[in-house]
file structure.tsv (TSV, C-alpha atoms and all ligand atoms)
chain	number	residue	atom	x	y	z
A	1	MET	CA	112.51	114.98	95.64
A	2	SER	CA	116.02	115.50	94.37
A	3	VAL	CA	119.08	115.14	96.57
A	4	ILE	CA	121.45	116.01	93.70
A	5	LYS	CA	119.76	118.84	91.84
A	6	TYR	CA	118.91	119.11	88.17
A	7	TRP	CA	119.18	122.78	87.27
A	8	GLY	CA	120.11	123.88	83.75
A	9	LYS	CA	119.44	122.36	80.34
A	10	ARG	CA	121.88	121.68	77.55
A	11	ASP	CA	118.94	121.20	75.15
A	12	GLU	CA	115.71	123.12	75.78
A	13	LYS	CA	113.57	121.28	73.23
A	14	LEU	CA	114.47	117.71	74.17
A	15	ILE	CA	114.92	118.63	77.85
A	16	LEU	CA	118.45	117.37	78.33
A	17	ALA	CA	120.20	118.34	81.56
A	18	MET	CA	123.62	119.93	82.03
A	19	ASN	CA	124.40	117.52	84.87
A	20	GLU	CA	123.20	114.22	86.29
A	21	SER	CA	120.83	114.24	89.25
A	22	ILE	CA	119.54	111.86	91.91
A	23	SER	CA	116.17	111.77	93.63
A	24	VAL	CA	114.12	109.78	96.11
A	25	THR	CA	110.52	108.86	95.31
A	26	PHE	CA	108.00	109.50	98.09
A	27	ASP	CA	105.65	106.80	99.33
A	28	PRO	CA	102.52	107.09	97.13
A	29	THR	CA	100.34	106.27	100.16
A	30	HIS	CA	101.08	109.80	101.29
A	31	LEU	CA	101.91	111.70	98.09
A	32	CYS	CA	100.95	110.58	94.63
A	33	THR	CA	99.21	111.36	91.37
A	34	THR	CA	96.45	109.08	90.08
A	35	THR	CA	95.70	109.21	86.36
A	36	THR	CA	92.95	107.53	84.34
A	37	VAL	CA	93.11	107.42	80.55
A	38	ALA	CA	90.29	106.39	78.22
A	39	VAL	CA	89.93	105.95	74.49
A	40	SER	CA	86.79	105.93	72.38
A	41	PRO	CA	85.94	106.46	68.70
A	42	VAL	CA	83.37	109.06	69.81
A	43	PHE	CA	86.00	111.35	71.39
A	44	ASP	CA	86.61	114.20	68.93
A	45	ARG	CA	89.86	115.49	70.43
A	46	ASP	CA	92.42	114.75	73.15
A	47	ARG	CA	91.24	116.27	76.45
A	48	MET	CA	92.65	116.41	79.96
A	49	TRP	CA	91.34	117.33	83.41
A	50	LEU	CA	93.60	118.10	86.37
A	51	ASN	CA	91.92	117.80	89.76
A	52	GLY	CA	88.58	117.93	87.92
A	53	LYS	CA	89.31	121.10	85.95
A	54	GLU	CA	89.82	120.92	82.20
A	55	MET	CA	93.19	122.14	81.01
A	56	SER	CA	94.79	122.61	77.62
A	57	LEU	CA	96.89	119.88	76.03
A	58	SER	CA	98.16	122.18	73.30
A	59	GLY	CA	101.52	122.87	74.98
A	60	ARG	CA	104.61	121.42	73.37
A	61	ARG	CA	105.46	119.24	76.35
A	62	TYR	CA	102.08	117.44	76.35
A	63	GLN	CA	102.14	117.12	72.58
A	64	ASN	CA	105.63	115.57	72.68
A	65	CYS	CA	104.57	112.96	75.25
A	66	LEU	CA	101.38	112.06	73.37
A	67	ARG	CA	103.21	111.79	70.05
A	68	GLU	CA	106.06	109.67	71.43
A	69	ILE	CA	103.69	107.25	73.17
A	70	ARG	CA	101.40	106.94	70.11
A	71	ALA	CA	104.43	106.15	67.97
A	72	ARG	CA	105.12	103.13	70.18
A	73	ALA	CA	101.53	101.88	70.48
A	74	ASN	CA	100.65	98.25	69.72
A	75	ASP	CA	97.56	96.14	68.98
A	76	VAL	CA	95.16	95.89	71.90
A	77	GLU	CA	92.64	93.09	72.09
A	78	ASP	CA	90.33	92.15	74.95
A	79	GLU	CA	87.68	89.66	73.85
A	80	THR	CA	85.71	89.75	77.10
A	81	LYS	CA	85.26	93.50	76.78
A	82	GLY	CA	84.86	93.40	73.01
A	83	ILE	CA	87.85	95.68	72.44
A	84	LYS	CA	90.00	95.46	69.35
A	85	ILE	CA	92.32	98.30	68.43
A	86	ALA	CA	94.97	97.84	65.77
A	87	LYS	CA	98.40	99.42	66.12
A	88	ASN	CA	97.74	101.94	63.34
A	89	ASP	CA	94.37	103.02	64.75
A	90	TRP	CA	96.01	104.86	67.67
A	91	GLU	CA	97.05	107.71	65.39
A	92	LYS	CA	93.39	108.49	64.68
A	93	LEU	CA	91.88	107.77	68.10
A	94	HIS	CA	91.58	110.46	70.77
A	95	VAL	CA	92.10	110.06	74.48
A	96	HIS	CA	90.57	111.54	77.63
A	97	ILE	CA	92.86	111.93	80.62
A	98	SER	CA	91.92	112.71	84.21
A	99	SER	CA	94.56	113.24	86.84
A	100	ASN	CA	94.31	113.92	90.59
A	101	ASN	CA	96.85	114.48	93.35
A	102	ASN	CA	96.28	113.03	96.84
A	103	PHE	CA	97.87	116.16	98.32
A	104	PRO	CA	96.65	119.75	97.91
A	105	THR	CA	97.97	121.31	94.71
A	106	ALA	CA	98.12	124.66	96.50
A	107	ALA	CA	100.78	123.24	98.83
A	108	GLY	CA	103.35	123.84	96.14
A	109	LEU	CA	104.28	120.17	96.13
A	110	ALA	CA	102.36	119.28	93.00
A	111	SER	CA	105.46	119.41	90.90
A	112	SER	CA	105.14	118.41	87.31
A	113	ALA	CA	107.36	115.42	88.10
A	114	SER	CA	104.75	112.99	89.41
A	115	GLY	CA	102.15	114.31	86.95
A	116	PHE	CA	104.10	113.66	83.76
A	117	ALA	CA	105.53	110.37	85.04
A	118	CYS	CA	102.03	109.12	85.79
A	119	LEU	CA	100.62	110.42	82.50
A	120	VAL	CA	103.25	108.70	80.37
A	121	PHE	CA	102.92	105.46	82.35
A	122	ALA	CA	99.10	105.44	82.04
A	123	LEU	CA	99.15	106.19	78.30
A	124	ALA	CA	101.77	103.47	77.77
A	125	LYS	CA	99.53	100.93	79.52
A	126	LEU	CA	96.46	101.99	77.54
A	127	MET	CA	98.27	101.73	74.21
A	128	ASN	CA	100.09	98.50	75.08
A	129	VAL	CA	103.51	100.12	74.74
A	130	GLN	CA	106.14	97.47	75.49
A	131	GLU	CA	109.03	99.74	76.50
A	132	ASP	CA	110.35	99.38	80.06
A	133	ASN	CA	110.36	102.20	82.64
A	134	GLY	CA	113.86	103.27	81.53
A	135	LYS	CA	112.70	103.88	77.94
A	136	LEU	CA	109.46	105.46	79.14
A	137	SER	CA	111.49	107.79	81.35
A	138	ALA	CA	113.00	109.35	78.20
A	139	ILE	CA	109.44	110.23	77.14
A	140	ALA	CA	108.39	111.54	80.58
A	141	ARG	CA	111.57	113.66	80.47
A	142	GLN	CA	110.13	115.53	77.49
A	143	GLY	CA	107.16	116.52	79.65
A	144	SER	CA	109.32	117.75	82.51
A	145	GLY	CA	112.93	116.91	83.23
A	146	SER	CA	112.39	115.82	86.82
A	147	ALA	CA	109.49	113.56	85.73
A	148	CYS	CA	111.88	111.01	84.22
A	149	ARG	CA	113.08	110.05	87.71
A	150	SER	CA	109.57	109.58	89.12
A	151	LEU	CA	108.61	106.44	87.19
A	152	HIS	CA	110.89	104.40	89.42
A	153	GLY	CA	110.64	103.93	93.17
A	154	GLY	CA	113.40	104.25	95.75
A	155	PHE	CA	116.51	106.21	94.76
A	156	VAL	CA	116.83	107.12	91.10
A	157	LYS	CA	119.54	108.63	88.93
A	158	TRP	CA	118.91	110.61	85.76
A	159	VAL	CA	121.76	109.59	83.46
A	160	MET	CA	123.10	112.32	81.16
A	161	GLY	CA	123.41	110.24	78.00
A	162	LYS	CA	125.43	111.05	74.89
A	163	GLU	CA	122.98	110.69	71.99
A	164	GLU	CA	121.88	113.81	70.11
A	165	ASP	CA	118.24	112.70	70.18
A	166	GLY	CA	118.27	112.20	73.96
A	167	SER	CA	117.28	108.54	73.69
A	168	ASP	CA	119.92	107.52	76.27
A	169	SER	CA	119.15	110.37	78.68
A	170	ILE	CA	117.06	108.15	80.93
A	171	ALA	CA	116.42	107.40	84.58
A	172	VAL	CA	117.80	104.30	86.28
A	173	GLN	CA	116.89	102.97	89.69
A	174	LEU	CA	119.86	102.88	92.08
A	175	VAL	CA	118.12	100.98	94.88
A	176	ASP	CA	114.47	100.18	95.49
A	177	GLU	CA	112.25	101.69	98.17
A	178	LYS	CA	112.89	98.88	100.66
A	179	TYR	CA	116.65	99.07	100.48
A	180	TRP	CA	117.05	101.94	102.94
A	181	ASP	CA	113.95	101.53	105.05
A	182	ASP	CA	115.43	103.26	108.11
A	183	LEU	CA	115.03	106.62	106.39
A	184	VAL	CA	112.10	108.78	107.48
A	185	ILE	CA	110.97	111.81	105.49
A	186	ILE	CA	109.20	114.80	107.01
A	187	ILE	CA	107.97	117.53	104.65
A	188	ALA	CA	107.39	120.99	106.09
A	189	VAL	CA	104.73	122.71	103.97
A	190	VAL	CA	105.49	126.38	104.43
A	191	SER	CA	102.54	128.79	104.76
A	192	SER	CA	103.30	131.79	102.61
A	193	GLN	CA	103.85	130.65	99.08
A	194	GLN	CA	104.75	133.75	97.13
A	195	LYS	CA	104.59	133.66	93.35
A	196	GLU	CA	107.63	131.71	92.32
A	197	THR	CA	109.76	131.76	89.22
A	198	SER	CA	108.98	128.53	87.35
A	199	SER	CA	111.78	125.97	87.27
A	200	SER	CA	111.94	126.10	83.48
A	201	SER	CA	112.42	129.86	83.17
A	202	GLY	CA	114.50	130.02	86.37
A	203	MET	CA	117.05	127.50	85.16
A	204	LEU	CA	117.26	129.17	81.77
A	205	GLN	CA	118.06	132.49	83.43
A	206	THR	CA	120.67	130.77	85.61
A	207	VAL	CA	122.37	129.18	82.60
A	208	GLU	CA	122.41	132.54	80.83
A	209	THR	CA	123.62	134.71	83.69
A	210	SER	CA	125.28	132.77	86.53
A	211	THR	CA	129.04	132.58	86.41
A	212	LEU	CA	129.01	129.79	89.02
A	213	MET	CA	126.69	127.54	87.00
A	214	GLU	CA	129.25	126.05	84.65
A	215	TYR	CA	131.67	125.30	87.47
A	216	ARG	CA	128.91	123.55	89.39
A	217	ALA	CA	127.77	121.42	86.41
A	218	LYS	CA	131.29	120.49	85.24
A	219	GLU	CA	133.33	120.29	88.41
A	220	VAL	CA	131.11	119.85	91.45
A	221	VAL	CA	128.16	117.67	90.49
A	222	PRO	CA	129.99	114.82	88.67
A	223	LYS	CA	132.04	114.12	91.82
A	224	ARG	CA	129.03	114.46	94.09
A	225	VAL	CA	126.97	112.04	92.00
A	226	ILE	CA	129.62	109.34	92.45
A	227	GLU	CA	129.86	110.01	96.19
A	228	MET	CA	126.10	110.10	96.59
A	229	GLU	CA	125.64	106.78	94.78
A	230	GLU	CA	128.18	105.21	97.12
A	231	ALA	CA	126.50	106.72	100.18
A	232	ILE	CA	123.09	105.38	99.11
A	233	LYS	CA	124.43	101.91	98.33
A	234	ASN	CA	126.21	101.80	101.72
A	235	ARG	CA	123.27	103.38	103.57
A	236	ASP	CA	125.87	105.83	104.84
A	237	PHE	CA	123.62	108.48	106.35
A	238	SER	CA	126.38	110.87	107.40
A	239	THR	CA	127.74	111.21	103.86
A	240	PHE	CA	124.23	111.24	102.43
A	241	ALA	CA	123.19	114.09	104.74
A	242	ARG	CA	126.36	116.10	104.14
A	243	LEU	CA	125.93	115.90	100.35
A	244	THR	CA	122.17	116.50	100.39
A	245	CYS	CA	122.54	119.67	102.47
A	246	ALA	CA	125.53	120.89	100.45
A	247	GLU	CA	123.55	120.33	97.23
A	248	ASN	CA	120.60	122.25	98.55
A	249	ASN	CA	122.76	125.15	99.58
A	250	GLN	CA	124.69	125.26	96.31
A	251	PHE	CA	121.50	125.05	94.24
A	252	HIS	CA	120.06	128.05	96.08
A	253	ALA	CA	123.42	129.81	95.77
A	254	ILE	CA	123.35	129.57	91.97
A	255	CYS	CA	119.76	130.83	92.05
A	256	LEU	CA	121.02	133.83	93.98
A	257	ASP	CA	123.88	134.17	91.49
A	258	THR	CA	121.29	134.49	88.70
A	259	SER	CA	120.44	137.94	87.32
A	260	PRO	CA	117.88	138.98	88.44
A	261	PRO	CA	118.38	136.81	91.55
A	262	ILE	CA	115.88	134.03	92.25
A	263	PHE	CA	114.75	133.49	95.85
A	264	TYR	CA	113.11	130.15	96.48
A	265	MET	CA	113.77	129.61	100.18
A	266	ASN	CA	112.25	132.09	102.61
A	267	ASP	CA	112.81	132.96	106.30
A	268	THR	CA	110.88	129.89	107.43
A	269	SER	CA	113.01	127.59	105.25
A	270	HIS	CA	116.12	129.25	106.72
A	271	ARG	CA	114.86	128.81	110.28
A	272	ILE	CA	114.23	125.09	109.74
A	273	ILE	CA	117.69	124.67	108.21
A	274	SER	CA	119.33	126.48	111.14
A	275	CYS	CA	117.47	124.28	113.60
A	276	VAL	CA	118.68	121.10	111.83
A	277	GLU	CA	122.25	122.40	111.48
A	278	LYS	CA	122.42	123.28	115.13
A	279	TRP	CA	121.05	119.91	116.23
A	280	ASN	CA	123.39	117.97	113.90
A	281	ARG	CA	126.37	119.93	115.18
A	282	SER	CA	125.44	119.36	118.82
A	283	VAL	CA	125.18	115.60	118.32
A	284	GLY	CA	128.39	115.46	116.29
A	285	THR	CA	126.97	113.22	113.55
A	286	PRO	CA	124.17	114.24	111.16
A	287	GLN	CA	120.74	113.20	112.40
A	288	ALA	CA	118.76	114.85	109.62
A	289	ALA	CA	119.29	116.27	106.13
A	290	TYR	CA	117.31	119.08	104.49
A	291	THR	CA	116.51	120.06	100.95
A	292	CYS	CA	114.19	122.48	99.10
A	293	ASP	CA	113.33	122.65	95.40
A	294	ALA	CA	111.97	125.66	93.56
A	295	GLY	CA	109.96	126.90	96.55
A	296	PRO	CA	110.15	127.38	100.32
A	297	ASN	CA	108.91	123.93	101.44
A	298	VAL	CA	111.59	121.94	103.22
A	299	VAL	CA	111.99	118.19	102.85
A	300	LEU	CA	113.76	116.69	105.85
A	301	MET	CA	115.23	113.22	105.94
A	302	ALA	CA	115.99	111.62	109.29
A	303	ARG	CA	118.60	108.95	109.93
A	304	ASP	CA	116.09	106.54	111.49
A	305	ARG	CA	112.79	106.49	113.35
A	306	GLU	CA	114.32	107.64	116.59
A	307	ALA	CA	115.96	110.62	114.91
A	308	ALA	CA	112.63	111.34	113.17
A	309	THR	CA	110.77	111.56	116.48
A	310	LEU	CA	113.45	113.88	117.90
A	311	LEU	CA	113.27	115.97	114.74
A	312	LEU	CA	109.49	116.20	114.87
A	313	ARG	CA	109.62	117.28	118.53
A	314	ARG	CA	112.02	120.07	117.55
A	315	LEU	CA	109.87	121.15	114.62
A	316	LEU	CA	106.73	121.23	116.76
A	317	PHE	CA	108.55	123.16	119.48
A	318	HIS	CA	109.56	125.91	117.04
A	319	PHE	CA	106.48	125.76	114.82
A	320	PRO	CA	103.47	124.89	117.01
A	321	PRO	CA	100.11	124.56	115.29
A	322	ASN	CA	97.84	127.56	115.22
A	323	SER	CA	94.77	125.58	116.23
A	324	THR	CA	94.27	122.74	118.69
A	325	ASP	CA	93.88	120.33	115.80
A	326	ILE	CA	97.15	118.45	115.83
A	327	ASP	CA	95.64	115.69	113.71
A	328	SER	CA	95.49	117.82	110.60
A	329	TYR	CA	98.82	119.52	111.42
A	330	VAL	CA	100.90	116.35	111.15
A	331	VAL	CA	99.61	114.12	108.36
A	332	GLY	CA	100.82	111.01	106.55
A	333	ASP	CA	102.51	108.41	108.72
A	334	LYS	CA	100.93	109.37	112.07
A	335	LEU	CA	102.92	106.75	113.95
A	336	ILE	CA	105.87	109.12	114.08
A	337	LEU	CA	103.77	111.62	115.98
A	338	LYS	CA	102.77	108.89	118.42
A	339	ASP	CA	106.40	107.77	118.81
A	340	ALA	CA	107.33	111.40	119.46
A	341	GLY	CA	104.97	111.29	122.46
A	342	VAL	CA	102.72	114.00	121.04
A	343	GLN	CA	99.00	113.21	121.13
A	344	ASN	CA	97.38	116.60	121.56
A	345	ILE	CA	98.02	120.33	121.75
A	346	ASN	CA	98.93	120.13	125.46
A	347	ASP	CA	101.77	117.76	124.59
A	348	VAL	CA	103.01	120.27	122.00
A	349	GLU	CA	102.83	123.14	124.46
A	350	SER	CA	104.79	121.28	127.09
A	351	LEU	CA	107.61	120.25	124.74
A	352	PRO	CA	110.89	121.30	126.35
A	353	PRO	CA	113.29	123.46	124.30
A	354	PRO	CA	115.85	121.32	122.48
A	355	PRO	CA	119.02	121.12	124.62
A	356	GLU	CA	121.24	122.56	121.87
A	357	ILE	CA	119.42	125.89	122.06
A	358	GLU	CA	121.20	128.20	124.39
A	359	ASP	CA	120.39	131.63	123.02
A	360	ASP	CA	117.05	133.41	123.22
A	361	VAL	CA	116.67	134.21	119.56
A	362	LEU	CA	116.42	130.59	118.47
A	363	ASN	CA	114.24	129.80	121.45
A	364	TYR	CA	111.48	131.66	119.71
A	365	LYS	CA	108.30	130.01	118.57
A	366	TYR	CA	106.85	130.70	115.14
A	367	LYS	CA	103.13	130.21	114.78
A	368	ASP	CA	101.42	130.38	111.36
A	369	GLU	CA	104.65	129.78	109.43
A	370	ILE	CA	103.98	126.13	108.65
A	371	ARG	CA	100.71	124.91	107.15
A	372	TYR	CA	101.36	121.31	108.10
A	373	PHE	CA	103.91	118.52	108.15
A	374	ILE	CA	103.70	115.34	106.07
A	375	CYS	CA	105.49	112.28	107.45
A	376	THR	CA	106.44	109.75	104.82
A	377	ARG	CA	109.23	107.45	103.56
A	378	PRO	CA	110.83	106.34	100.29
A	379	GLY	CA	108.17	104.67	98.14
A	380	LYS	CA	107.50	102.74	94.97
A	381	GLY	CA	107.24	104.19	91.49
A	382	ALA	CA	104.43	104.07	88.94
A	383	VAL	CA	101.98	101.18	89.32
A	384	LEU	CA	98.93	100.08	87.35
A	385	LEU	CA	95.74	100.18	89.41
A	386	THR	CA	93.25	97.52	88.32
A	387	ASP	CA	90.33	98.37	90.59
A	388	GLU	CA	87.92	100.08	88.20
A	389	SER	CA	86.04	101.76	91.03
A	390	GLN	CA	89.12	103.97	91.47
A	391	ALA	CA	88.91	105.24	87.87
A	392	LEU	CA	88.58	109.01	87.58
A	393	LEU	CA	86.62	108.90	84.31
A	394	ASP	CA	83.04	107.70	84.00
A	395	PRO	CA	83.06	104.60	81.73
A	396	GLU	CA	79.74	105.68	80.17
A	397	THR	CA	80.50	109.30	79.35
A	398	GLY	CA	84.31	109.40	79.34
A	399	LEU	CA	84.11	112.54	81.48
A	400	PRO	CA	85.45	113.05	85.02
A	401	LYS	CA	83.21	111.42	87.64
B	1	LIG	C1	114.59	122.37	91.49
B	1	LIG	O1	111.73	119.33	86.08
B	1	LIG	O2	110.35	121.24	86.96
B	1	LIG	O3	113.11	120.53	91.28
B	1	LIG	O4	112.47	120.24	83.05
B	1	LIG	O5	111.82	122.61	82.85
B	1	LIG	O6	110.13	120.93	83.55
B	1	LIG	P1	111.60	121.32	83.57
B	1	LIG	O7	111.97	121.62	85.07
B	1	LIG	P2	111.65	120.77	86.37
B	1	LIG	O8	112.84	121.24	87.32
B	1	LIG	C2	113.04	120.71	88.59
B	1	LIG	C3	114.12	121.42	89.28
B	1	LIG	C4	114.30	121.08	90.75
B	1	LIG	C5	115.48	120.14	90.96
B	1	LIG	C6	115.27	118.69	90.65
B	1	LIG	O9	114.12	118.20	90.65
B	1	LIG	O10	116.30	118.01	90.46

call {"tool": "encode", "arguments": {"input": "structure.tsv", "output": "structure tokens"}}
result
Amino acid sequence: MSVIKYWGKRDEKLILAMNESISVTFDPTHLCTTTTVAVSPVFDRDRMWLNGKEMSLSGRRYQNCLREIRARANDVEDETKGIKIAKNDWEKLHVHISSNNNFPTAAGLASSASGFACLVFALAKLMNVQEDNGKLSAIARQGSGSACRSLHGGFVKWVMGKEEDGSDSIAVQLVDEKYWDDLVIIIAVVSSQQKETSSSSGMLQTVETSTLMEYRAKEVVPKRVIEMEEAIKNRDFSTFARLTCAENNQFHAICLDTSPPIFYMNDTSHRIISCVEKWNRSVGTPQAAYTCDAGPNVVLMARDREAATLLLRRLLFHFPPNSTDIDSYVVGDKLILKDAGVQNINDVESLPPPPEIEDDVLNYKYKDEIRYFICTRPGKGAVLLTDESQALLDPETGLPK
């Protein structure tokens, strides 16, 4: 999830951004993509399945990733398995790819970021590509811009680069996932997901029509990136929260400044933001930060565990579950729910209104607006899984299991 937003390309084909951006990688225990790749001389074409359903690989973005990885392939030899593939054979061999998300795709969280990052990483392992994650990120970038940041864990910056061919427009890790382990992330998955404008066409329209866009990319973001890097390195939550929220609001402002205007946040997103703003103001120092991408889901980041429990109590007060099943309403790191003193629906119903609420309007409860909450934290980047029982392709047939 980005805290400094990428929005706008300076090169559509190579996917080069108009400004630098910074993101945090979620803990894969709670949100991740798993990809299995297989090669066999009997495969007659490259094929891919996403959550078990076959999809086309003919798009330019997939073709670019496959071509770039193949061009860097090396000899592969495994005597015990009787495998011997020479560097030049990779051009002729076809691959099967199967990819699953451990979170529902319909939640609107299945961004192309984790998918392309995982795909490029898996193909690189299969073909014995020696490039490090930085170099691989320049390939993942050609699948989807935001994907370049998702190979690394922790906090990651997508560097602009100067080269015409985009080879130095890569992602670098700022700090790893353990560096700021106080941070707690709560994702509010918003119920009504209207048909959204895709990021790719949305940002193109913004670049073409928004008069604020250039000012943002040239004047605002470069300063914010420097400040944000400092805040992350110093674990300075107050600055981090101020910048994250300001970035969110400016990103949605340039969407609104696009013609025709693009609406990603909805009333529910706005209600959550107001709740956080009000709480932060009443305490005097930011306790939580909020950010949304190209959709209404809100990603909240709490200062520490205590702030996370207070935040969750507020969220559950305003957005109680529709059923008595609290267990499927707050998923991921359940300990936060326990720490918040909420074990069942009765606990939710007896939550007192947050003290900062003094007017009736905000005292209101909104059922059915949130599908569920996911509690998580910063996590590691792409990793190679060696347990073959986890493979998504059948070793005999090469088809999804
Ligand atoms: C709002 O990476 O999905 O999430 O490069 O065209 O594939 P393409 O776009 P994409 O855009 C993501 C935009 C964003 C902000 C961000 O991730 O920084």

call {"tool": "residues_around", "arguments": {"input": "structure.tsv", "residues": "A:Pro378", "least_positions_apart": "5", "cutoff": "10 Å", "atoms": "only C-alpha atoms", "output": "compact mmCIF listing (two decimals) with C-alpha atoms, in the coordinates of the input"}}
result
# COMPACT_ATOMS: atom_id res chain seq x y z
CA MET A 1 112.51 114.98 95.64
CA VAL A 24 114.12 109.78 96.11
CA THR A 25 110.52 108.86 95.31
CA PHE A 26 108.00 109.50 98.09
CA ASP A 27 105.65 106.80 99.33
CA PRO A 28 102.52 107.09 97.13
CA GLY A 153 110.64 103.93 93.17
CA GLY A 154 113.40 104.25 95.75
CA PHE A 155 116.51 106.21 94.76
CA ASP A 176 114.47 100.18 95.49
CA GLU A 177 112.25 101.69 98.17
CA LYS A 178 112.89 98.88 100.66
CA TYR A 179 116.65 99.07 100.48
CA TRP A 180 117.05 101.94 102.94
CA ASP A 181 113.95 101.53 105.05
CA ASP A 182 115.43 103.26 108.11
CA LEU A 183 115.03 106.62 106.39
CA VAL A 184 112.10 108.78 107.48
CA ILE A 185 110.97 111.81 105.49
CA MET A 301 115.23 113.22 105.94

call {"tool": "residues_near_ligand", "arguments": {"input": "structure.tsv", "ligand": "ligand LIG 1 (chain B)", "cutoff": "9 Å", "atoms": "only C-alpha atoms and all ligand atoms", "output": "ChimeraX atom specification"}}
result
/A:1-9,12,15-17,20-23,61,111-113,141-149,198-204,251,292-295

call {"tool": "closest_residue", "arguments": {"input": "structure.tsv", "among": "A:Ala246, A:Val331, A:Ile226, A:Ile326", "to": "A:Asp347", "atoms": "all atoms listed in the file"}}
result
A:Ile326

call {"tool": "closest_residue", "arguments": {"input": "structure.tsv", "among": "A:Ala38, A:Ile186, A:Val156, A:Trp279", "to": "A:Val225", "atoms": "all atoms listed in the file"}}
result
A:Val156

call {"tool": "closest_residue", "arguments": {"input": "structure.tsv", "among": "A:Pro395, A:Pro352, A:Pro104, A:Pro296", "to": "A:Arg271", "atoms": "only C-alpha atoms"}}
result
A:Pro296

call {"tool": "closest_residue", "arguments": {"input": "structure.tsv", "among": "A:Glu396, A:Asp132, A:Asp368, A:Glu356", "to": "A:Ser274", "atoms": "all atoms listed in the file"}}
result
A:Glu356

call {"tool": "atom_distance", "arguments": {"input": "structure.tsv", "atom1": "atom CA of A:His252", "atom2": "atom CA of A:Ser169"}}
result
24.8 Å

call {"tool": "closest_residue", "arguments": {"input": "structure.tsv", "among": "A:Leu256, A:Leu174, A:Val129, A:Lys195", "to": "A:Glu230", "atoms": "only C-alpha atoms"}}
result
A:Leu174

call {"tool": "residues_near_point", "arguments": {"input": "structure.tsv", "point": "(107.4, 123.0, 113.8)", "cutoff": "12 Å", "atoms": "only C-alpha atoms", "output": "PyMOL selection string"}}
result
chain A and resi 186-191+268-269+271-273+275-276+298+300+310-322+326+329-330+348-349+351+364-374

call {"tool": "residues_around", "arguments": {"input": "structure.tsv", "residues": "A:Asp11", "least_positions_apart": "6", "cutoff": "10 Å", "atoms": "all atoms listed in the file", "output": "VMD selection string"}}
result
chain A and resid 17 to 18 164 to 166

call {"tool": "atom_distance", "arguments": {"input": "structure.tsv", "atom1": "atom CA of A:Thr386", "atom2": "atom CA of A:Asp78"}}
result
14.7 Å

call {"tool": "atom_distance", "arguments": {"input": "structure.tsv", "atom1": "atom CA of A:Pro400", "atom2": "atom CA of A:Asn128"}}
result
22.9 Å

call {"tool": "residues_around", "arguments": {"input": "structure.tsv", "residues": "stretch 33-35 of chain A", "least_positions_apart": "2", "cutoff": "6 Å", "atoms": "all atoms listed in the file", "output": "MDAnalysis selection string"}}
result
chainID A and resid 98:101
